[in-house]
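Q: Take this structure, written in structure tokens, and hold onto it; I'll ask about it next.
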Amino acid sequence: MSVNAWMYVLDDASLQEGQMAPVYPLGVNIVLARVSGAVYAVSGACVHMACPVFMGRLEGYTITCPCHDWRFDVRTGKFIDAPELGLKAYPTKSEEGKLYVNLG
């Protein structure tokens, strides 16, 4: 299977507005977040000390890491206080009630 393929990760209805969910397509740690109806996907491990981002807070478009309060923009993965750092962002799509992430 090509790494650029869209991978099913979760039923669309399982991810409610303002919520996050960890998913692991092909073993890759990713956190999904739904904000204003859109679904975003970023790396699930904080760049600081690999803390599980999904255990943090989602406030608007900002995910705050639970370990040291590092804040990331869920749309881009950028670290808000130093944009040269960040989480990897992944494209998402919804089709027929299922959410997909592209690992490419």
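For the structure tokens, the naming scheme is as follows: chains receive sequential letters (A, B, ...) according to their order of presentation, residues are indexed from 1 within each chain, and ligands are indexed from 1 in presentation order.
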List the neighbours of region 53-58 of chain A out to 9 Å using only C-alpha atoms; skip same-chain residues closer than 4 positions along the sequence, and give me the result as a VMD selection string.
A: chain A and resid 18 to 22 30 to 33 35 43 to 46 62 to 67 69 74
Q: Could you save those same residues with C-alpha atoms as a PDB file, in the first residue's frame?
A:
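New file again-v2.pdb:
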ATOM      1  CA  GLY A  18     -14.605  20.660  19.952  1.00  0.00           C
ATOM      2  CA  GLN A  19     -13.255  17.179  20.651  1.00  0.00           C
ATOM      3  CA  MET A  20      -9.998  15.341  19.935  1.00  0.00           C
ATOM      4  CA  ALA A  21      -9.319  11.650  19.271  1.00  0.00           C
ATOM      5  CA  PRO A  22      -6.072   9.700  18.928  1.00  0.00           C
ATOM      6  CA  ILE A  30      -1.974  11.228  15.078  1.00  0.00           C
ATOM      7  CA  VAL A  31      -4.577  13.304  16.901  1.00  0.00           C
ATOM      8  CA  LEU A  32      -7.764  14.396  15.143  1.00  0.00           C
ATOM      9  CA  ALA A  33      -9.649  17.521  16.197  1.00  0.00           C
ATOM     10  CA  VAL A  35     -13.222  22.732  15.085  1.00  0.00           C
ATOM     11  CA  SER A  43       1.159  14.503  15.038  1.00  0.00           C
ATOM     12  CA  GLY A  44       0.028  13.052  18.350  1.00  0.00           C
ATOM     13  CA  ALA A  45       3.345  13.464  20.186  1.00  0.00           C
ATOM     14  CA  CYS A  46       4.476  16.898  21.371  1.00  0.00           C
ATOM     15  CA  THR A  62      -5.338  25.757  19.819  1.00  0.00           C
ATOM     16  CA  ILE A  63      -4.215  22.448  21.288  1.00  0.00           C
ATOM     17  CA  THR A  64      -2.326  22.800  24.580  1.00  0.00           C
ATOM     18  CA  CYS A  65       0.040  19.963  25.466  1.00  0.00           C
ATOM     19  CA  PRO A  66      -0.809  18.425  28.871  1.00  0.00           C
ATOM     20  CA  CYS A  67       2.811  18.213  30.032  1.00  0.00           C
ATOM     21  CA  ASP A  69       1.487  23.842  28.179  1.00  0.00           C
ATOM     22  CA  VAL A  74      -4.390  22.540  15.011  1.00  0.00           C
TER      23      VAL A  74
END
Q: Running DSSP on the backbone, which parts of chain A land in strand (DSSP E), as JSON, numbers by chain?
A: {"A": [6, 7, 8, 9, 10, 11, 20, 21, 22, 23, 30, 31, 32, 33, 34, 35, 38, 39, 40, 41, 42, 43, 57, 58, 59, 62, 63, 64, 71, 72, 73, 89, 90, 92, 93, 94, 95, 98, 99, 100, 101, 102]}
Q: Could you please take those selected residues and save C-alpha atoms as a PDB file, in the first residue's frame?
A:
ATOM      1  CA  TRP A   6      -5.890   7.839   2.197  1.00  0.00           C
ATOM      2  CA  MET A   7      -6.197   5.760   5.356  1.00  0.00           C
ATOM      3  CA  TYR A   8      -9.511   5.230   7.152  1.00  0.00           C
ATOM      4  CA  VAL A   9      -9.077   6.288  10.787  1.00  0.00           C
ATOM      5  CA  LEU A  10     -12.493   6.857  12.419  1.00  0.00           C
ATOM      6  CA  ASP A  11     -16.209   7.088  11.787  1.00  0.00           C
ATOM      7  CA  MET A  20      -9.998  15.341  19.935  1.00  0.00           C
ATOM      8  CA  ALA A  21      -9.319  11.650  19.271  1.00  0.00           C
ATOM      9  CA  PRO A  22      -6.072   9.700  18.928  1.00  0.00           C
ATOM     10  CA  VAL A  23      -5.712   7.469  15.859  1.00  0.00           C
ATOM     11  CA  ILE A  30      -1.974  11.228  15.078  1.00  0.00           C
ATOM     12  CA  VAL A  31      -4.577  13.304  16.901  1.00  0.00           C
ATOM     13  CA  LEU A  32      -7.764  14.396  15.143  1.00  0.00           C
ATOM     14  CA  ALA A  33      -9.649  17.521  16.197  1.00  0.00           C
ATOM     15  CA  ARG A  34     -12.969  18.929  14.987  1.00  0.00           C
ATOM     16  CA  VAL A  35     -13.222  22.732  15.085  1.00  0.00           C
ATOM     17  CA  ALA A  38     -13.690  20.949   9.978  1.00  0.00           C
ATOM     18  CA  VAL A  39     -11.477  17.999  10.938  1.00  0.00           C
ATOM     19  CA  TYR A  40      -7.752  18.559  11.402  1.00  0.00           C
ATOM     20  CA  ALA A  41      -4.978  16.005  11.964  1.00  0.00           C
ATOM     21  CA  VAL A  42      -1.588  16.628  13.559  1.00  0.00           C
ATOM     22  CA  SER A  43       1.159  14.503  15.038  1.00  0.00           C
ATOM     23  CA  ARG A  57      -6.902  20.890  25.897  1.00  0.00           C
ATOM     24  CA  LEU A  58      -8.534  22.004  22.672  1.00  0.00           C
ATOM     25  CA  GLU A  59      -9.656  25.641  22.796  1.00  0.00           C
ATOM     26  CA  THR A  62      -5.338  25.757  19.819  1.00  0.00           C
ATOM     27  CA  ILE A  63      -4.215  22.448  21.288  1.00  0.00           C
ATOM     28  CA  THR A  64      -2.326  22.800  24.580  1.00  0.00           C
ATOM     29  CA  ARG A  71       0.367  25.507  22.398  1.00  0.00           C
ATOM     30  CA  PHE A  72      -0.091  24.458  18.777  1.00  0.00           C
ATOM     31  CA  ASP A  73      -2.401  25.632  15.988  1.00  0.00           C
ATOM     32  CA  ALA A  89      -0.069  18.367   9.931  1.00  0.00           C
ATOM     33  CA  TYR A  90      -1.841  15.780   7.776  1.00  0.00           C
ATOM     34  CA  THR A  92      -8.008  14.876   6.134  1.00  0.00           C
ATOM     35  CA  LYS A  93     -11.222  14.130   4.287  1.00  0.00           C
ATOM     36  CA  SER A  94     -14.644  12.718   5.043  1.00  0.00           C
ATOM     37  CA  GLU A  95     -16.424  10.348   2.674  1.00  0.00           C
ATOM     38  CA  LYS A  98     -15.792   7.915   7.439  1.00  0.00           C
ATOM     39  CA  LEU A  99     -12.748  10.067   8.218  1.00  0.00           C
ATOM     40  CA  TYR A 100      -9.509   9.556   6.321  1.00  0.00           C
ATOM     41  CA  VAL A 101      -5.959  10.858   6.831  1.00  0.00           C
ATOM     42  CA  ASN A 102      -3.254  11.024   4.164  1.00  0.00           C
TER      43      ASN A 102
END
Q: Apply DSSP to the backbone of this structure and, from chain A, keep only the residues in helix (DSSP H, G or I); write these as an MDAnalysis selection string.
A: chainID A and resid 12:14 25:27 53:55
Q: Please produce an output containing N, CA and C atoms for each residue in the selection, written as a short mmCIF file (atom, residue, chain, number, x, y, z; two decimals), in the first residue's frame.
A:
data_model
loop_
_atom_site.label_atom_id
_atom_site.label_comp_id
_atom_site.auth_asym_id
_atom_site.auth_seq_id
_atom_site.Cartn_x
_atom_site.Cartn_y
_atom_site.Cartn_z
N ASP A 12 -16.90 9.29 11.07
CA ASP A 12 -17.08 10.74 11.18
C ASP A 12 -17.92 11.13 12.40
N ALA A 13 -18.99 10.39 12.66
CA ALA A 13 -19.90 10.72 13.77
C ALA A 13 -19.24 10.53 15.14
N SER A 14 -18.12 9.82 15.21
CA SER A 14 -17.44 9.58 16.48
C SER A 14 -16.67 10.79 16.99
N PRO A 25 -3.03 5.28 12.21
CA PRO A 25 -2.95 4.62 10.91
C PRO A 25 -1.52 4.15 10.62
N LEU A 26 -1.39 2.89 10.27
CA LEU A 26 -0.07 2.27 10.02
C LEU A 26 0.89 2.50 11.18
N GLY A 27 0.36 2.63 12.40
CA GLY A 27 1.19 2.83 13.59
C GLY A 27 1.65 4.26 13.81
N VAL A 53 -0.49 14.49 22.91
CA VAL A 53 -1.21 15.74 22.67
C VAL A 53 -2.72 15.58 22.90
N PHE A 54 -3.29 14.41 22.58
CA PHE A 54 -4.74 14.24 22.71
C PHE A 54 -5.21 14.35 24.16
N MET A 55 -4.31 14.24 25.11
CA MET A 55 -4.68 14.37 26.52
C MET A 55 -4.70 15.83 26.98
#
Q: What is the distance between CA of Val47 (chain A) and CA of Gly86 (chain A), in Å to one decimal?
A: 6.6 Å
Q: In terms of the shortest atom-to-atom distance over only C-alpha atoms, which of A:Met49, A:Val28, A:Ala5, A:Ile80 is closest to Tyr61 (chain A)?
A: A:Ile80
Q: How far is it from CA of His48 (chain A) to CA of Ala82 (chain A), in Å with one decimal?
A: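 Pair CA of His48 (chain A) / CA of Ala82 (chain A) returns 12.0 Å.
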